[in-house]
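Raw contents of coords.cif, mmCIF, C-alpha atoms:
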data_start
#
loop_
_atom_site.label_atom_id
_atom_site.label_comp_id
_atom_site.auth_asym_id
_atom_site.auth_seq_id
_atom_site.Cartn_x
_atom_site.Cartn_y
_atom_site.Cartn_z
CA MET W 1 0.00 0.00 0.00
CA ARG W 2 1.25 3.48 -0.89
CA HIS W 3 1.09 6.14 1.86
CA THR W 4 1.60 9.83 1.05
CA ILE W 5 3.01 11.37 4.22
CA LYS W 6 2.09 14.98 5.01
CA LEU W 7 4.02 17.39 7.22
CA PRO W 8 2.38 17.37 10.64
CA LYS W 9 1.90 20.55 12.63
CA LEU W 10 5.03 20.81 14.80
CA GLY W 11 3.92 23.59 17.14
CA ASP W 12 0.93 25.69 18.13
CA THR W 13 2.02 28.71 16.09
CA THR W 14 4.18 27.02 13.45
CA GLU W 15 2.83 27.36 9.92
CA GLU W 16 5.91 26.13 8.01
CA VAL W 17 9.30 24.55 8.61
CA VAL W 18 12.65 24.37 6.84
CA VAL W 19 13.90 20.86 6.04
CA LEU W 20 17.39 20.73 7.53
CA GLU W 21 18.52 17.17 6.90
CA TRP W 22 16.99 13.95 5.60
CA LEU W 23 18.03 11.01 7.80
CA VAL W 24 16.52 8.32 5.57
CA ALA W 25 17.40 7.70 1.92
CA GLU W 26 14.98 6.62 -0.78
CA GLY W 27 14.85 2.82 -0.74
CA ASP W 28 15.50 2.57 3.03
CA THR W 29 13.15 0.61 5.27
CA VAL W 30 11.62 2.55 8.17
CA ALA W 31 9.59 1.58 11.21
CA ALA W 32 6.71 3.69 12.46
CA GLY W 33 8.27 6.33 14.69
CA ASP W 34 11.67 6.36 12.96
CA VAL W 35 12.87 9.90 12.24
CA LEU W 36 12.58 10.77 8.54
CA PHE W 37 14.16 14.22 8.68
CA ARG W 38 15.12 17.07 10.96
CA ALA W 39 13.22 20.35 10.54
CA GLU W 40 13.62 23.87 11.86
CA THR W 41 10.66 25.91 13.05
CA ASP W 42 10.81 29.57 14.01
CA LYS W 43 11.75 28.48 17.55
CA VAL W 44 13.38 25.02 17.61
CA GLU W 45 14.67 22.07 15.65
CA ALA W 46 12.32 19.09 15.56
CA ASP W 47 12.45 15.50 14.31
CA VAL W 48 9.69 14.44 11.92
CA PRO W 49 8.85 10.73 12.41
CA ALA W 50 7.40 8.21 9.99
CA PRO W 51 3.74 7.56 10.86
CA VAL W 52 3.81 4.12 9.18
CA ALA W 53 6.33 1.34 8.57
CA GLY W 54 7.55 0.46 5.08
CA VAL W 55 10.04 1.55 2.43
CA LEU W 56 10.66 5.24 1.74
CA THR W 57 10.00 5.21 -1.99
CA GLU W 58 10.04 8.95 -2.70
CA ARG W 59 11.10 12.20 -1.04
CA LEU W 60 8.76 14.99 -2.14
CA VAL W 61 10.72 17.85 -0.54
CA SER W 62 14.43 18.66 -0.48
CA GLU W 63 16.82 19.91 2.17
CA GLN W 64 16.50 23.69 2.70
CA ASP W 65 12.91 23.71 1.33
CA GLU W 66 10.39 25.79 3.30
CA VAL W 67 7.37 23.53 3.74
CA PRO W 68 3.90 24.57 4.98
CA ASN W 69 1.94 22.32 7.37
CA GLY W 70 -0.03 19.62 5.56
CA THR W 71 2.27 19.52 2.52
CA PRO W 72 3.02 16.02 1.14
CA ILE W 73 6.65 15.33 2.11
CA ALA W 74 7.28 11.67 1.28
CA VAL W 75 5.82 8.40 0.04
CA ILE W 76 6.18 5.22 2.08
CA THR W 77 5.14 1.89 0.59
CA SER W 78 4.13 -0.93 2.92
CA ASP W 79 2.97 -4.51 2.41
#

Let me see the structure of the file written as structure tokens.
Amino acid sequence: MRHTIKLPKLGDTTEEVVVLEWLVAEGDTVAAGDVLFRAETDKVEADVPAPVAGVLTERLVSEQDEVPNGTPIAVITSD
């Protein structure tokens, strides 16, 4: 099954984040809760976890992109 992962809201007042560093490469297997990438809000750095287990088949945003809440960020394929 193909899951399009959207950027969750990372703070009460945060409307967008900057993608600092991807920690998972396309083709890597992830467990639910594994950190996909590190993001920077206007106040702190935060880890963005995978909500489902599977294989990261596509990154939809790049490092240094400014990404609004709810934007599709990745595709994870699971059995």

So which residues fall inside 10 Å of (0.0, -4.1, -2.4) if we count all atoms listed in the file? Mind giving them as a list in words?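 Protein and nucleic acid residues near the point are Met1, Arg2, Thr77, Ser78 and Asp79 of chain W.
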
For the PyMOL selection byres ((chain W and resi 47) around 8), applied here, can you spell out every residue it catches as a list of chain:residue names? W:Val35, W:Leu36, W:Phe37, W:Arg38, W:Ala39, W:Glu45, W:Ala46, W:Val48, W:Pro49

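Between W:His3 and the candidates W:Glu15, W:Ile73, W:Leu23, W:Lys43, the tightest atom-to-atom separation, counting all atoms listed in the file, involves W:Ile73.
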
Using Å and a single decimal, report how far atom CA of W:Glu26 sits from atom CA of W:Ile76. 9.4 Å

Please write the residues picked by the PyMOL selection byres ((chain W and resi 27) around 12) on this file as a PDB file with C-alpha atoms, in the frame of the given file.
ATOM      1  CA  VAL W  24      16.520   8.320   5.570  1.00  0.00           C
ATOM      2  CA  ALA W  25      17.400   7.700   1.920  1.00  0.00           C
ATOM      3  CA  GLU W  26      14.980   6.620  -0.780  1.00  0.00           C
ATOM      4  CA  ASP W  28      15.500   2.570   3.030  1.00  0.00           C
ATOM      5  CA  THR W  29      13.150   0.610   5.270  1.00  0.00           C
ATOM      6  CA  VAL W  30      11.620   2.550   8.170  1.00  0.00           C
ATOM      7  CA  GLY W  54       7.550   0.460   5.080  1.00  0.00           C
ATOM      8  CA  VAL W  55      10.040   1.550   2.430  1.00  0.00           C
ATOM      9  CA  LEU W  56      10.660   5.240   1.740  1.00  0.00           C
ATOM     10  CA  THR W  57      10.000   5.210  -1.990  1.00  0.00           C
ATOM     11  CA  GLU W  58      10.040   8.950  -2.700  1.00  0.00           C
ATOM     12  CA  ARG W  59      11.100  12.200  -1.040  1.00  0.00           C
ATOM     13  CA  ALA W  74       7.280  11.670   1.280  1.00  0.00           C
ATOM     14  CA  VAL W  75       5.820   8.400   0.040  1.00  0.00           C
ATOM     15  CA  ILE W  76       6.180   5.220   2.080  1.00  0.00           C
ATOM     16  CA  THR W  77       5.140   1.890   0.590  1.00  0.00           C
ATOM     17  CA  SER W  78       4.130  -0.930   2.920  1.00  0.00           C
TER      18      SER W  78
END

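Nearest residue to W:Leu7 among W:Glu66, W:Glu21, W:Asp42, W:Asp34 is W:Glu66, counting only C-alpha atoms.
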
Please provide the set of residues having any atom within 7 Å of stretch 16-20 of chain W, restricted to only C-alpha atoms, with same-chain residues fewer than 3 positions apart removed, written as a PyMOL selection string. chain W and resi 38-41+62-69

Find the distance between atom CA of W:Lys6 and atom CA of W:Ala53 and write it in Å to one decimal.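 Between atom CA of W:Lys6 and atom CA of W:Ala53 the gap works out to 14.7 Å.
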
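Between atom CA of W:Val61 and atom CA of W:Ile5 there is a distance of 11.1 Å.
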
Kindly compute an axis-aligned box around the listed atoms of stretch 56-63 of chain W, allowing 6 Å on each side, and express its centre and edge lengths in Å to one decimal as lines of an AutoDock Vina configuration file.
center_x = 12.8
center_y = 12.6
center_z = -0.3
size_x = 20.1
size_y = 26.7
size_z = 16.9
